[in-house]
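The file work.txt contains compact mmCIF, N, CA and C atoms:
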# COMPACT_ATOMS: atom_id res chain seq x y z
N MET A 125 -77.12 57.05 127.51
CA MET A 125 -78.56 56.99 127.37
C MET A 125 -79.16 58.18 128.09
N LYS A 126 -80.12 58.78 127.51
CA LYS A 126 -80.77 59.93 128.12
C LYS A 126 -81.64 59.47 129.27
N SER A 127 -81.74 60.30 130.25
CA SER A 127 -82.59 60.00 131.39
C SER A 127 -84.04 60.21 131.00
N SER A 128 -84.90 59.30 131.45
CA SER A 128 -86.32 59.43 131.12
C SER A 128 -87.08 60.21 132.20
N LEU A 129 -86.37 60.79 133.15
CA LEU A 129 -87.04 61.54 134.20
C LEU A 129 -87.70 62.80 133.68
N LYS A 130 -87.25 63.32 132.54
CA LYS A 130 -87.83 64.54 132.01
C LYS A 130 -89.28 64.37 131.60
N HIS A 131 -89.72 63.13 131.45
CA HIS A 131 -91.07 62.86 130.98
C HIS A 131 -92.08 62.82 132.12
N PHE A 132 -91.61 62.87 133.36
CA PHE A 132 -92.50 62.78 134.50
C PHE A 132 -92.58 64.14 135.18
N PRO A 133 -93.75 64.48 135.67
CA PRO A 133 -93.88 65.78 136.32
C PRO A 133 -92.99 65.85 137.56
N GLN A 134 -92.34 66.97 137.73
CA GLN A 134 -91.45 67.16 138.87
C GLN A 134 -92.24 67.77 140.01
N ARG A 135 -91.92 67.33 141.22
CA ARG A 135 -92.58 67.88 142.40
C ARG A 135 -91.72 68.99 142.97
N GLU A 136 -92.36 69.93 143.58
CA GLU A 136 -91.65 71.00 144.26
C GLU A 136 -90.91 70.40 145.45
N PRO A 137 -89.66 70.75 145.63
CA PRO A 137 -88.94 70.22 146.79
C PRO A 137 -89.54 70.79 148.08
N LYS A 138 -89.73 69.89 149.04
CA LYS A 138 -90.29 70.31 150.33
C LYS A 138 -89.16 70.81 151.20
N LYS A 139 -89.52 71.74 152.06
CA LYS A 139 -88.54 72.24 153.01
C LYS A 139 -88.27 71.12 154.02
N SER A 140 -87.02 70.97 154.37
CA SER A 140 -86.70 69.91 155.32
C SER A 140 -87.12 70.32 156.72
N SER A 141 -87.61 69.35 157.44
CA SER A 141 -88.07 69.60 158.80
C SER A 141 -86.89 69.56 159.75
N ALA A 142 -87.15 69.99 160.97
CA ALA A 142 -86.10 69.97 162.00
C ALA A 142 -85.68 68.52 162.25
N ARG A 143 -86.65 67.61 162.22
CA ARG A 143 -86.35 66.18 162.43
C ARG A 143 -85.40 65.68 161.34
N ALA A 144 -85.69 66.04 160.08
CA ALA A 144 -84.85 65.60 158.97
C ALA A 144 -83.44 66.17 159.09
N ASN A 145 -83.33 67.43 159.53
CA ASN A 145 -82.02 68.05 159.71
C ASN A 145 -81.21 67.33 160.79
N VAL A 146 -81.88 66.99 161.90
CA VAL A 146 -81.19 66.30 163.00
C VAL A 146 -80.73 64.92 162.54
N LEU A 147 -81.61 64.19 161.83
CA LEU A 147 -81.24 62.86 161.33
C LEU A 147 -80.08 62.93 160.34
N ALA A 148 -80.09 63.94 159.48
CA ALA A 148 -79.00 64.09 158.52
C ALA A 148 -77.68 64.37 159.23
N GLN A 149 -77.71 65.20 160.26
CA GLN A 149 -76.49 65.48 161.01
C GLN A 149 -76.01 64.24 161.76
N TRP A 150 -76.94 63.51 162.36
CA TRP A 150 -76.58 62.31 163.12
C TRP A 150 -76.00 61.23 162.20
N ARG A 151 -76.62 61.05 161.02
CA ARG A 151 -76.14 60.04 160.06
C ARG A 151 -74.85 60.48 159.37
N GLY A 152 -74.65 61.75 159.27
CA GLY A 152 -73.48 62.26 158.55
C GLY A 152 -73.75 62.40 157.06
N VAL A 153 -74.96 62.13 156.65
CA VAL A 153 -75.34 62.25 155.24
C VAL A 153 -76.85 62.50 155.18
N ASP A 154 -77.25 63.28 154.20
CA ASP A 154 -78.67 63.59 154.03
C ASP A 154 -79.26 62.62 153.01
N ILE A 155 -80.06 61.68 153.48
CA ILE A 155 -80.67 60.72 152.56
C ILE A 155 -82.16 60.95 152.41
N SER A 156 -82.59 62.14 152.73
CA SER A 156 -84.03 62.43 152.64
C SER A 156 -84.55 62.29 151.21
N ALA A 157 -83.72 62.59 150.20
CA ALA A 157 -84.17 62.44 148.80
C ALA A 157 -84.44 60.98 148.47
N GLN A 158 -83.57 60.08 148.94
CA GLN A 158 -83.80 58.65 148.69
C GLN A 158 -85.03 58.15 149.44
N GLU A 159 -85.21 58.64 150.66
CA GLU A 159 -86.39 58.24 151.43
C GLU A 159 -87.67 58.68 150.73
N LYS A 160 -87.65 59.90 150.18
CA LYS A 160 -88.82 60.40 149.46
C LYS A 160 -89.06 59.58 148.19
N ALA A 161 -87.99 59.22 147.49
CA ALA A 161 -88.14 58.44 146.26
C ALA A 161 -88.73 57.08 146.55
N MET A 162 -88.33 56.48 147.65
CA MET A 162 -88.86 55.15 148.00
C MET A 162 -90.30 55.24 148.45
N ALA A 163 -90.72 56.39 148.96
CA ALA A 163 -92.08 56.56 149.44
C ALA A 163 -93.05 56.96 148.33
N ASP A 164 -92.55 57.35 147.15
CA ASP A 164 -93.43 57.75 146.05
C ASP A 164 -94.31 56.58 145.61
N ALA A 165 -95.50 56.92 145.22
CA ALA A 165 -96.43 55.89 144.74
C ALA A 165 -95.95 55.34 143.40
N ALA A 166 -96.25 54.10 143.17
CA ALA A 166 -95.87 53.47 141.91
C ALA A 166 -96.66 54.09 140.76
N ARG A 167 -96.03 54.13 139.58
CA ARG A 167 -96.69 54.67 138.40
C ARG A 167 -97.31 53.53 137.59
N ASN A 168 -98.34 53.85 136.87
CA ASN A 168 -99.00 52.88 136.02
C ASN A 168 -98.05 52.47 134.88
N LEU A 169 -97.89 51.19 134.64
CA LEU A 169 -96.99 50.69 133.61
C LEU A 169 -97.37 51.20 132.23
N ALA A 170 -98.65 51.32 131.96
CA ALA A 170 -99.11 51.80 130.65
C ALA A 170 -98.66 53.25 130.41
N ASP A 171 -98.46 54.02 131.47
CA ASP A 171 -98.00 55.39 131.32
C ASP A 171 -96.49 55.47 131.11
N VAL A 172 -95.75 54.55 131.68
CA VAL A 172 -94.30 54.58 131.65
C VAL A 172 -93.71 53.83 130.45
N LEU A 173 -94.31 52.73 130.06
CA LEU A 173 -93.73 51.83 129.05
C LEU A 173 -93.46 52.48 127.70
N PRO A 174 -94.35 53.28 127.12
CA PRO A 174 -94.02 53.89 125.82
C PRO A 174 -92.76 54.75 125.85
N THR A 175 -92.55 55.47 126.92
CA THR A 175 -91.35 56.30 127.04
C THR A 175 -90.11 55.44 127.16
N VAL A 176 -90.19 54.38 127.92
CA VAL A 176 -89.04 53.48 128.09
C VAL A 176 -88.69 52.82 126.76
N LEU A 177 -89.69 52.33 126.03
CA LEU A 177 -89.43 51.69 124.74
C LEU A 177 -88.83 52.67 123.74
N LYS A 178 -89.29 53.91 123.77
CA LYS A 178 -88.74 54.92 122.87
C LYS A 178 -87.28 55.19 123.22
N ASP A 179 -86.98 55.32 124.49
CA ASP A 179 -85.61 55.57 124.92
C ASP A 179 -84.68 54.41 124.56
N LEU A 180 -85.18 53.20 124.57
CA LEU A 180 -84.37 52.03 124.23
C LEU A 180 -84.31 51.76 122.72
N ARG A 181 -85.03 52.56 121.92
CA ARG A 181 -85.07 52.42 120.46
C ARG A 181 -85.52 51.01 120.04
N MET A 182 -86.54 50.51 120.68
CA MET A 182 -86.99 49.14 120.40
C MET A 182 -87.55 49.00 118.98
N ASP A 183 -88.20 50.03 118.45
CA ASP A 183 -88.72 49.95 117.09
C ASP A 183 -87.58 49.77 116.09
N ALA A 184 -86.52 50.54 116.26
CA ALA A 184 -85.38 50.46 115.35
C ALA A 184 -84.69 49.11 115.46
N ARG A 185 -84.55 48.61 116.67
CA ARG A 185 -83.90 47.31 116.86
C ARG A 185 -84.72 46.17 116.27
N GLN A 186 -86.02 46.27 116.38
CA GLN A 186 -86.88 45.24 115.81
C GLN A 186 -86.77 45.28 114.28
N GLY A 187 -86.72 46.48 113.70
CA GLY A 187 -86.56 46.61 112.26
C GLY A 187 -85.23 46.06 111.78
N GLU A 188 -84.15 46.31 112.53
CA GLU A 188 -82.84 45.79 112.15
C GLU A 188 -82.83 44.26 112.20
N ALA A 189 -83.48 43.68 113.19
CA ALA A 189 -83.56 42.22 113.29
C ALA A 189 -84.35 41.65 112.11
N GLU A 190 -85.39 42.35 111.70
CA GLU A 190 -86.18 41.90 110.55
C GLU A 190 -85.35 41.95 109.26
N ILE A 191 -84.52 42.97 109.10
CA ILE A 191 -83.66 43.06 107.92
C ILE A 191 -82.70 41.89 107.86
N VAL A 192 -82.09 41.54 108.99
CA VAL A 192 -81.16 40.41 109.02
C VAL A 192 -81.89 39.11 108.68
N LYS A 193 -83.09 38.93 109.20
CA LYS A 193 -83.87 37.71 108.91
C LYS A 193 -84.18 37.61 107.42
N VAL A 194 -84.67 38.70 106.84
CA VAL A 194 -84.99 38.69 105.41
C VAL A 194 -83.73 38.50 104.57
N TRP A 195 -82.65 39.14 104.96
CA TRP A 195 -81.37 38.98 104.25
C TRP A 195 -80.98 37.51 104.20
N ASN A 196 -81.03 36.83 105.34
CA ASN A 196 -80.63 35.43 105.40
C ASN A 196 -81.58 34.51 104.64
N ASP A 197 -82.85 34.91 104.51
CA ASP A 197 -83.82 34.09 103.79
C ASP A 197 -83.76 34.30 102.27
N LEU A 198 -83.51 35.54 101.83
CA LEU A 198 -83.62 35.86 100.41
C LEU A 198 -82.31 35.83 99.62
N ILE A 199 -81.21 36.05 100.28
CA ILE A 199 -79.93 36.17 99.59
C ILE A 199 -79.24 34.80 99.56
N ASP A 200 -78.49 34.57 98.49
CA ASP A 200 -77.75 33.33 98.29
C ASP A 200 -76.91 32.99 99.53
N PRO A 201 -76.98 31.77 100.02
CA PRO A 201 -76.22 31.39 101.22
C PRO A 201 -74.70 31.59 101.07
N ASN A 202 -74.18 31.49 99.84
CA ASN A 202 -72.75 31.75 99.64
C ASN A 202 -72.41 33.20 99.97
N ILE A 203 -73.33 34.11 99.66
CA ILE A 203 -73.12 35.52 99.97
C ILE A 203 -73.33 35.79 101.46
N THR A 204 -74.39 35.23 102.03
CA THR A 204 -74.67 35.49 103.44
C THR A 204 -73.58 34.94 104.36
N ALA A 205 -72.82 33.96 103.87
CA ALA A 205 -71.70 33.45 104.67
C ALA A 205 -70.58 34.47 104.78
N HIS A 206 -70.54 35.43 103.85
CA HIS A 206 -69.46 36.41 103.82
C HIS A 206 -69.92 37.86 103.98
N ALA A 207 -71.23 38.10 103.94
CA ALA A 207 -71.74 39.48 104.02
C ALA A 207 -73.02 39.50 104.86
N GLN A 208 -73.07 40.46 105.80
CA GLN A 208 -74.24 40.61 106.66
C GLN A 208 -74.58 42.09 106.81
N PRO A 209 -75.88 42.42 106.83
CA PRO A 209 -76.27 43.82 107.02
C PRO A 209 -75.85 44.32 108.40
N ALA A 210 -75.34 45.54 108.44
CA ALA A 210 -74.90 46.13 109.70
C ALA A 210 -75.95 47.09 110.25
N ASN A 211 -76.45 47.99 109.39
CA ASN A 211 -77.51 48.91 109.82
C ASN A 211 -78.15 49.57 108.61
N LEU A 212 -79.25 50.23 108.88
CA LEU A 212 -80.00 50.96 107.85
C LEU A 212 -80.10 52.39 108.32
N HIS A 213 -79.60 53.33 107.49
CA HIS A 213 -79.60 54.73 107.88
C HIS A 213 -79.98 55.59 106.68
N LYS A 214 -81.07 56.32 106.83
CA LYS A 214 -81.56 57.25 105.81
C LYS A 214 -81.64 56.60 104.43
N GLY A 215 -82.22 55.41 104.37
CA GLY A 215 -82.44 54.73 103.10
C GLY A 215 -81.27 53.93 102.56
N THR A 216 -80.14 53.95 103.27
CA THR A 216 -78.97 53.19 102.83
C THR A 216 -78.77 52.00 103.75
N LEU A 217 -78.76 50.81 103.17
CA LEU A 217 -78.47 49.59 103.92
C LEU A 217 -76.96 49.36 103.86
N PHE A 218 -76.31 49.39 105.01
CA PHE A 218 -74.87 49.17 105.08
C PHE A 218 -74.62 47.68 105.34
N VAL A 219 -73.77 47.09 104.50
CA VAL A 219 -73.49 45.66 104.59
C VAL A 219 -71.99 45.47 104.82
N ASN A 220 -71.65 44.69 105.85
CA ASN A 220 -70.25 44.35 106.12
C ASN A 220 -69.89 43.06 105.39
N VAL A 221 -68.78 43.11 104.66
CA VAL A 221 -68.28 41.94 103.91
C VAL A 221 -66.95 41.55 104.54
N ASP A 222 -66.72 40.22 104.67
CA ASP A 222 -65.56 39.79 105.44
C ASP A 222 -64.21 39.89 104.72
N ASN A 223 -64.19 39.98 103.39
CA ASN A 223 -62.90 40.15 102.71
C ASN A 223 -63.09 40.83 101.36
N SER A 224 -61.98 41.30 100.80
CA SER A 224 -62.04 42.11 99.58
C SER A 224 -62.45 41.29 98.36
N ALA A 225 -62.14 40.00 98.34
CA ALA A 225 -62.54 39.17 97.20
C ALA A 225 -64.06 39.08 97.11
N TRP A 226 -64.71 38.85 98.24
CA TRP A 226 -66.17 38.79 98.23
C TRP A 226 -66.78 40.16 98.00
N LEU A 227 -66.15 41.19 98.50
CA LEU A 227 -66.64 42.54 98.25
C LEU A 227 -66.65 42.82 96.75
N SER A 228 -65.58 42.48 96.08
CA SER A 228 -65.49 42.68 94.63
C SER A 228 -66.55 41.85 93.90
N GLU A 229 -66.72 40.61 94.29
CA GLU A 229 -67.71 39.72 93.67
C GLU A 229 -69.12 40.30 93.81
N ILE A 230 -69.45 40.72 94.99
CA ILE A 230 -70.81 41.25 95.24
C ILE A 230 -71.04 42.55 94.47
N VAL A 231 -70.08 43.45 94.54
CA VAL A 231 -70.25 44.75 93.89
C VAL A 231 -70.32 44.59 92.38
N ARG A 232 -69.51 43.73 91.80
CA ARG A 232 -69.49 43.57 90.34
C ARG A 232 -70.69 42.81 89.81
N TYR A 233 -71.06 41.71 90.47
CA TYR A 233 -72.02 40.79 89.85
C TYR A 233 -73.35 40.66 90.57
N ARG A 234 -73.44 40.99 91.86
CA ARG A 234 -74.66 40.70 92.59
C ARG A 234 -75.35 41.93 93.17
N ARG A 235 -74.77 43.09 93.00
CA ARG A 235 -75.29 44.32 93.61
C ARG A 235 -76.75 44.58 93.24
N LYS A 236 -77.08 44.55 91.98
CA LYS A 236 -78.44 44.85 91.49
C LYS A 236 -79.44 43.82 92.01
N GLU A 237 -79.06 42.56 91.97
CA GLU A 237 -79.94 41.49 92.45
C GLU A 237 -80.27 41.68 93.94
N ILE A 238 -79.27 41.98 94.73
CA ILE A 238 -79.48 42.16 96.17
C ILE A 238 -80.36 43.38 96.43
N LEU A 239 -80.10 44.48 95.76
CA LEU A 239 -80.92 45.69 95.94
C LEU A 239 -82.37 45.41 95.56
N ASP A 240 -82.58 44.73 94.43
CA ASP A 240 -83.96 44.42 94.00
C ASP A 240 -84.68 43.56 95.03
N ARG A 241 -84.01 42.57 95.57
CA ARG A 241 -84.66 41.68 96.56
C ARG A 241 -85.00 42.44 97.85
N MET A 242 -84.10 43.29 98.30
CA MET A 242 -84.37 44.04 99.52
C MET A 242 -85.48 45.06 99.30
N GLN A 243 -85.51 45.69 98.13
CA GLN A 243 -86.57 46.65 97.83
C GLN A 243 -87.92 45.95 97.67
N ASN A 244 -87.93 44.75 97.12
CA ASN A 244 -89.18 44.00 97.01
C ASN A 244 -89.73 43.64 98.39
N SER A 245 -88.85 43.40 99.32
CA SER A 245 -89.29 43.03 100.67
C SER A 245 -89.66 44.23 101.54
N PHE A 246 -88.90 45.32 101.45
CA PHE A 246 -89.10 46.45 102.35
C PHE A 246 -89.61 47.71 101.68
N GLY A 247 -89.62 47.75 100.36
CA GLY A 247 -90.07 48.94 99.65
C GLY A 247 -88.91 49.80 99.21
N LYS A 248 -89.13 50.55 98.15
CA LYS A 248 -88.06 51.37 97.57
C LYS A 248 -87.76 52.60 98.40
N THR A 249 -88.68 53.02 99.24
CA THR A 249 -88.40 54.19 100.07
C THR A 249 -87.57 53.83 101.30
N LEU A 250 -87.76 52.64 101.84
CA LEU A 250 -87.00 52.23 103.02
C LEU A 250 -85.56 51.86 102.65
N VAL A 251 -85.40 51.06 101.59
CA VAL A 251 -84.06 50.66 101.13
C VAL A 251 -83.85 51.29 99.76
N GLN A 252 -83.17 52.42 99.73
CA GLN A 252 -82.92 53.12 98.48
C GLN A 252 -81.64 52.67 97.80
N LYS A 253 -80.65 52.31 98.63
CA LYS A 253 -79.40 51.81 98.07
C LYS A 253 -78.71 50.93 99.09
N VAL A 254 -77.71 50.17 98.63
CA VAL A 254 -76.95 49.29 99.50
C VAL A 254 -75.48 49.70 99.38
N SER A 255 -74.84 49.87 100.51
CA SER A 255 -73.44 50.24 100.56
C SER A 255 -72.65 49.10 101.20
N TYR A 256 -71.60 48.65 100.52
CA TYR A 256 -70.80 47.52 101.01
C TYR A 256 -69.46 48.03 101.52
N ARG A 257 -68.97 47.40 102.58
CA ARG A 257 -67.66 47.76 103.14
C ARG A 257 -67.05 46.55 103.82
N ILE A 258 -65.73 46.55 103.89
CA ILE A 258 -65.03 45.48 104.61
C ILE A 258 -65.24 45.72 106.09
N GLY A 259 -65.62 44.66 106.79
CA GLY A 259 -65.84 44.86 108.22
C GLY A 259 -66.08 43.63 108.98
Kindly present the structure from the file in structure tokens form.
Amino acid sequence: MKSSLKHFPQREPKKSSARANVLAQWRGVDISAQEKAMADAARNLADVLPTVLKDLRMDARQGEAEIVKVWNDLIDPNITAHAQPANLHKGTLFVNVDNSAWLSEIVRYRRKEILDRMQNSFGKTLVQKVSYRIG
């Protein structure tokens, strides 16, 4: 995961004082950076939260959860017992099927029906095609 520190303004490092140098020598370690970090003022949550949510890809995860919900509601339960959406990437919905018999059944007889239902729910630009694989 990328660090979100790049989104916050960086402060110029302060020169260490004689006191800080003596304490670092006495402790055997320089912890002045940690002390400064603990002394920093708290940031407003409204300023930090959008960056955190973006870094965690919450929009994409919410969309993937919505696809699974719609899949389970719209598709035949016999199919959903053996096939579940894995992810959506550049207009292709990838679906994992648990065995080759069901993969063959879906690809031969149900492919068009499933694509139509997903496009009716999410639009033709979001779900352009469905790709099935054993998984």
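The interatomic distance for the pair atom N of A:Leu227 and atom C of A:Asn196 works out to 17.9 Å.
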Query raised in the report: Using only C-alpha atoms, which residues sit within 12 Å of A:His213 once same-chain residues fewer than 5 positions away are excluded, as a list in words?
Result: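 Selected residues are Ala184, Gly187, Glu188, Phe218, Val219, Thr249, Leu250, Val251, Gln252, Lys253, Val254 and Ser255 of chain A.
Coordinates place atom CA of A:Val192 at a distance of 14.9 Å from atom C of A:Val221.
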Could you give me the axis-aligned bounding box of stretch 210-216 of chain A, with 4 Å of padding per side, as centre plus edge lengths in Å to one decimal, as lines of an AutoDock Vina configuration file?
center_x = -78.7
center_y = 51.4
center_z = 106.4
size_x = 15.5
size_y = 19.7
size_z = 15.7
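Atom pair atom CA of A:Leu177 / atom N of A:Lys214 has a distance of 20.3 Å (rounded to one decimal).
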Requested in this report: Based on DSSP run over this structure's backbone, return all residues of chain A in strand (DSSP E or B), as a list in words.
Outcome: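 Of chain A, only Ala207, Gln208, Pro209, Ala210, Asn211, Leu212, His213, Thr216, Leu217, Phe218, Val219, Asn220, Val221, Lys253, Val254, Ser255, Tyr256, Arg257 and Ile258 of chain A fall in strand (DSSP E or B).
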